[in-house]
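Q: Mind having a look at this structure? Questions to follow.
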Amino acid sequence: KSSLGNRGTVTEASGFKPEEDAQKLHNAMKGAGTNEATIIEILAHRTIAQRQKIKEAFKQSVGKDLLDCLKSELTGNFEKVVVGLMMSAPVYDAYELRNAIKGAGTEEACLIDILASRSNAEKKEIIATYKKEHGKSLEDDVCGDTSGMFQRVLVSLLAVNKTPDIYEAGEARWGTDEVKFLTVLSVRNRNHLLRVFQEYQKISGRDIEDSIKREMSGCLEDVFLAIVKCMKNKPAFFAERLYKSMKGLGTTDSVLIRIMVARAEIDMLDIKAEFLKMYGKTLHSFIKGDTSGDYRKILLELCGGEK
């Protein structure tokens with residue numbers, strides 16, 4: 001079990017000795033070459049809280065920052081996974097959001113994945129952490145990098161303390177459907193919303209998701225679908241994101257890494273079950289077929305077994 005949830009694949013290591021782990025990691029990195037197997041064995045089998053203790057022990061015994069050492073030893077996607085594992089949940093989310101915003105183009109998928117799926121309590125922590133770590137307001141950064149209705153939806157997702165004022169921009173500027181949608185989805189009560197979706201299906205004869213697909217496109221469609229899917233079944237939402245990141249040609253590693261790292265301690269068991277139900281194949285088999293090397297090894301450890 002972990003403090004973040006009890007449906008994760010990564011659980012507390014019993015007989016945990018941070019000093020020993022720190023020493024093993026130090027040995028794995030000193031001299032020529034790196035012993036990646038040791039890094040995987042330790043970091044993929046400790047909770048975030050335990051990894052923080054290893055970090056402290058490492059600082060005391062070695063006198064260096066463990067994250068800096070790992071960064072200088074590792075490369076590529078394997079490094080990205082390990083760096084993510086060394087961060088607390090809100091720090092990792094804030095870090096991912098910052099990277100999604102500060103590049104040349106914005107990685108909208110990252111903004112959507114995180115902001116549509118995190119609870120209000122989680123989002124409060126992310127907002128505070130973002131400010132602390134990056135010295136900027138997350139809302140300001142999101143606004144500076146997005147526009148139109150998509151921007152307003154993201155801002156409403158960030159409005160964890162206040163009821164967003166949907167109508168301030170005047171209805172004339174937007175299709176009324178979109179405004180109505182945003183108003184409905186801004187109601188934060190999940191049970192109420194699920195009833196609204198059922199009612200909607202009765203009246204219109206169509207699933208709310210089908211309507212979103214018919215009425216919208218691009219990022220706006222993506223964010224509304226993500227909100228609805230997370231309301232209905234969050235592990236299924238992540239299972240679909242994982243599937244899409246790997247099916248067809250090429251792999252969207254950013255999505256694969258973000259979900260495997262962020263959900264390992266929360267609901268990976270449920271995500272795996274949904275994946276199997278939805279696609280008739282295991283998440284494990286997909287990752288195995290789509291990745292290689294130490295990157296594959298650490299992801300499979302986070303995935304936690306074939307079943």
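Chain lettering (A, B, ...) mirrors the order of the structure tokens, residue numbering begins at 1 for each chain separately, and ligand numbering begins at 1 in order of display.
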List the neighbours of Met246 (chain A) out to 9 Å using only C-alpha atoms; skip same-chain residues closer than 3 positions along the sequence, and give me the result as an mmCIF file with N, CA and C atoms, in the first residue's frame.

A:
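Once written, part16.cif looks like this:
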data_model
loop_
_atom_site.group_PDB
_atom_site.id
_atom_site.type_symbol
_atom_site.label_atom_id
_atom_site.label_comp_id
_atom_site.auth_asym_id
_atom_site.auth_seq_id
_atom_site.Cartn_x
_atom_site.Cartn_y
_atom_site.Cartn_z
ATOM 1 N N ARG A 241 -5.544 6.123 -23.226
ATOM 2 C CA ARG A 241 -4.407 6.990 -23.545
ATOM 3 C C ARG A 241 -3.144 6.163 -23.774
ATOM 4 N N LEU A 242 -2.948 5.139 -22.935
ATOM 5 C CA LEU A 242 -1.785 4.250 -23.089
ATOM 6 C C LEU A 242 -1.867 3.488 -24.408
ATOM 7 N N TYR A 243 -3.036 2.969 -24.689
ATOM 8 C CA TYR A 243 -3.228 2.204 -25.923
ATOM 9 C C TYR A 243 -2.897 3.069 -27.142
ATOM 10 N N LEU A 249 2.139 3.026 -35.794
ATOM 11 C CA LEU A 249 3.576 3.265 -35.945
ATOM 12 C C LEU A 249 4.083 4.235 -34.893
ATOM 13 N N GLY A 250 5.241 3.921 -34.340
ATOM 14 C CA GLY A 250 5.853 4.856 -33.388
ATOM 15 C C GLY A 250 5.146 4.859 -32.044
ATOM 16 N N THR A 251 5.815 5.404 -31.087
ATOM 17 C CA THR A 251 5.279 5.467 -29.719
ATOM 18 C C THR A 251 5.329 6.904 -29.248
ATOM 19 N N THR A 252 4.229 7.374 -28.636
ATOM 20 C CA THR A 252 4.268 8.699 -28.033
ATOM 21 C C THR A 252 4.821 8.511 -26.619
ATOM 22 N N ASP A 253 6.140 8.537 -26.524
ATOM 23 C CA ASP A 253 6.793 8.221 -25.250
ATOM 24 C C ASP A 253 6.406 9.179 -24.132
ATOM 25 N N LEU A 256 3.224 7.830 -22.618
ATOM 26 C CA LEU A 256 3.498 6.544 -21.979
ATOM 27 C C LEU A 256 4.233 6.743 -20.646
ATOM 28 N N PHE A 286 1.849 -4.964 -24.515
ATOM 29 C CA PHE A 286 1.964 -3.776 -25.361
ATOM 30 C C PHE A 286 3.275 -3.043 -25.107
ATOM 31 N N ILE A 287 3.587 -2.836 -23.838
ATOM 32 C CA ILE A 287 4.820 -2.123 -23.483
ATOM 33 C C ILE A 287 6.030 -2.927 -23.971
ATOM 34 N N ASP A 290 6.629 -2.592 -27.623
ATOM 35 C CA ASP A 290 6.771 -1.233 -28.156
ATOM 36 C C ASP A 290 7.996 -0.487 -27.674
#

Q: Which polymer residues have any atom within 10 Å of an atom of Ser254 (chain A), counting only C-alpha atoms, with same-chain residues fewer than 4 positions away left out, as a ChimeraX atom specification?

A: /A:77,80-81,96,107,109-110,245,258-259

Q: Show me, as a ChimeraX atom specification, the residues that have an atom within 6 Å of region 40-55 of chain A when counting only C-alpha atoms, minus same-chain residues fewer than 3 positions from it.

A: /A:11-13,18,22,37,58,66,298

Q: Could you name the residues that touch Ser285 (chain A) at 12 Å or less, counting only C-alpha atoms, but leaving out those on the same chain fewer than 5 positions away, as a PyMOL selection string?

A: chain A and resi 243+246-247+272+275-276+279-280+290-291+296+299-300+303-307

Q: If we count only C-alpha atoms and set the cut-off at 12 Å, which residues sit around Tyr92 (chain A), ignoring sequence neighbours fewer than 3 positions away in its own chain? Please answer as number ranges by chain.

A: A: 48, 80-89, 95-99, 114, 122, 125-127, 129-130, 133, 257-259, 261-263

Q: Do you know which residues are at most 10 Å from Glu209 (chain A) counting only C-alpha atoms, after dropping those on the same chain fewer than 5 positions away, and could you put them as a PDB file with C-alpha atoms, in the first residue's frame?

A:
ATOM      1  CA  PHE A 197     -25.054  12.322 -18.856  1.00  0.00           C
ATOM      2  CA  GLN A 201     -28.703  10.073 -23.444  1.00  0.00           C
ATOM      3  CA  ARG A 214     -20.051  15.693 -33.642  1.00  0.00           C
ATOM      4  CA  GLU A 215     -20.048  19.236 -32.332  1.00  0.00           C
ATOM      5  CA  GLU A 221     -12.996  18.076 -28.455  1.00  0.00           C
ATOM      6  CA  PHE A 224     -14.213  17.799 -23.241  1.00  0.00           C
ATOM      7  CA  LEU A 225     -13.894  14.085 -24.000  1.00  0.00           C
ATOM      8  CA  ALA A 226     -11.172  13.769 -21.372  1.00  0.00           C
ATOM      9  CA  VAL A 228     -16.298  13.191 -19.479  1.00  0.00           C
ATOM     10  CA  LYS A 229     -14.202  10.019 -19.650  1.00  0.00           C
TER      11      LYS A 229
END

Q: Calculate how many Å separate CA of Val160 (chain A) from CA of Glu274 (chain A), rounding to one decimal.

A: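 Going from CA of Val160 (chain A) over to CA of Glu274 (chain A), I get 28.6 Å.
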
Q: Using only C-alpha atoms, which of A:Cys230, A:Ala159, A:Leu25, A:Met216 sits nearest Leu193 (chain A)?

A: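 With only C-alpha atoms as the atom set, the closest residue is A:Cys230.
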
Q: Based on DSSP run over this structure's backbone, return all residues of region 10-55 of chain A in helix (DSSP H, G or I), as a short mmCIF file (atom, residue, chain, number, x, y, z; two decimals) with C-alpha atoms, in the first residue's frame.

A:
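The result, stored in out01.cif:
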data_model
loop_
_atom_site.label_atom_id
_atom_site.label_comp_id
_atom_site.auth_asym_id
_atom_site.auth_seq_id
_atom_site.Cartn_x
_atom_site.Cartn_y
_atom_site.Cartn_z
CA PRO A 18 17.28 4.05 2.90
CA GLU A 19 20.98 4.19 3.83
CA GLU A 20 21.59 0.81 2.18
CA ASP A 21 19.67 1.81 -0.93
CA ALA A 22 21.63 5.07 -1.14
CA GLN A 23 24.90 3.18 -0.90
CA LYS A 24 23.85 0.68 -3.59
CA LEU A 25 22.84 3.52 -5.90
CA HIS A 26 26.12 5.28 -5.27
CA ASN A 27 28.04 2.09 -6.12
CA ALA A 28 25.90 1.62 -9.23
CA MET A 29 26.97 5.02 -10.53
CA GLU A 36 21.20 0.22 -14.60
CA ALA A 37 19.82 -3.02 -13.19
CA THR A 38 20.46 -1.83 -9.62
CA ILE A 39 18.82 1.52 -10.34
CA ILE A 40 15.73 -0.23 -11.73
CA GLU A 41 15.61 -2.78 -8.94
CA ILE A 42 15.64 -0.12 -6.25
CA LEU A 43 13.70 2.81 -7.70
CA ILE A 48 7.64 8.09 -3.73
CA ALA A 49 7.88 8.63 0.03
CA GLN A 50 10.60 5.98 0.29
CA ARG A 51 12.52 7.45 -2.65
CA GLN A 52 12.53 10.82 -0.88
CA LYS A 53 14.13 9.13 2.15
CA ILE A 54 16.76 7.54 -0.13
CA LYS A 55 17.44 11.01 -1.55
#

Q: Between CA of Met278 (chain A) and CA of Gly293 (chain A), what distance in Å does the model show, to one decimal?

A: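 Those two atoms sit 27.4 Å apart.
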
Q: Leaving out Val196 (chain A) and any residue of its chain fewer than 5 positions from it, which residues lie within 12 Å of it when counting only C-alpha atoms, given as a ChimeraX atom specification?

A: /A:181,184-185,187,189-191,201-204,207-208,228,231-232

Q: Looking at A:Pro90, A:Gly63, A:Gly148, A:Gly8, which one is nearest to Lys123 (chain A), with distances taken over only C-alpha atoms?

A: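 Smallest separation from Lys123 (chain A) among the options: A:Pro90.
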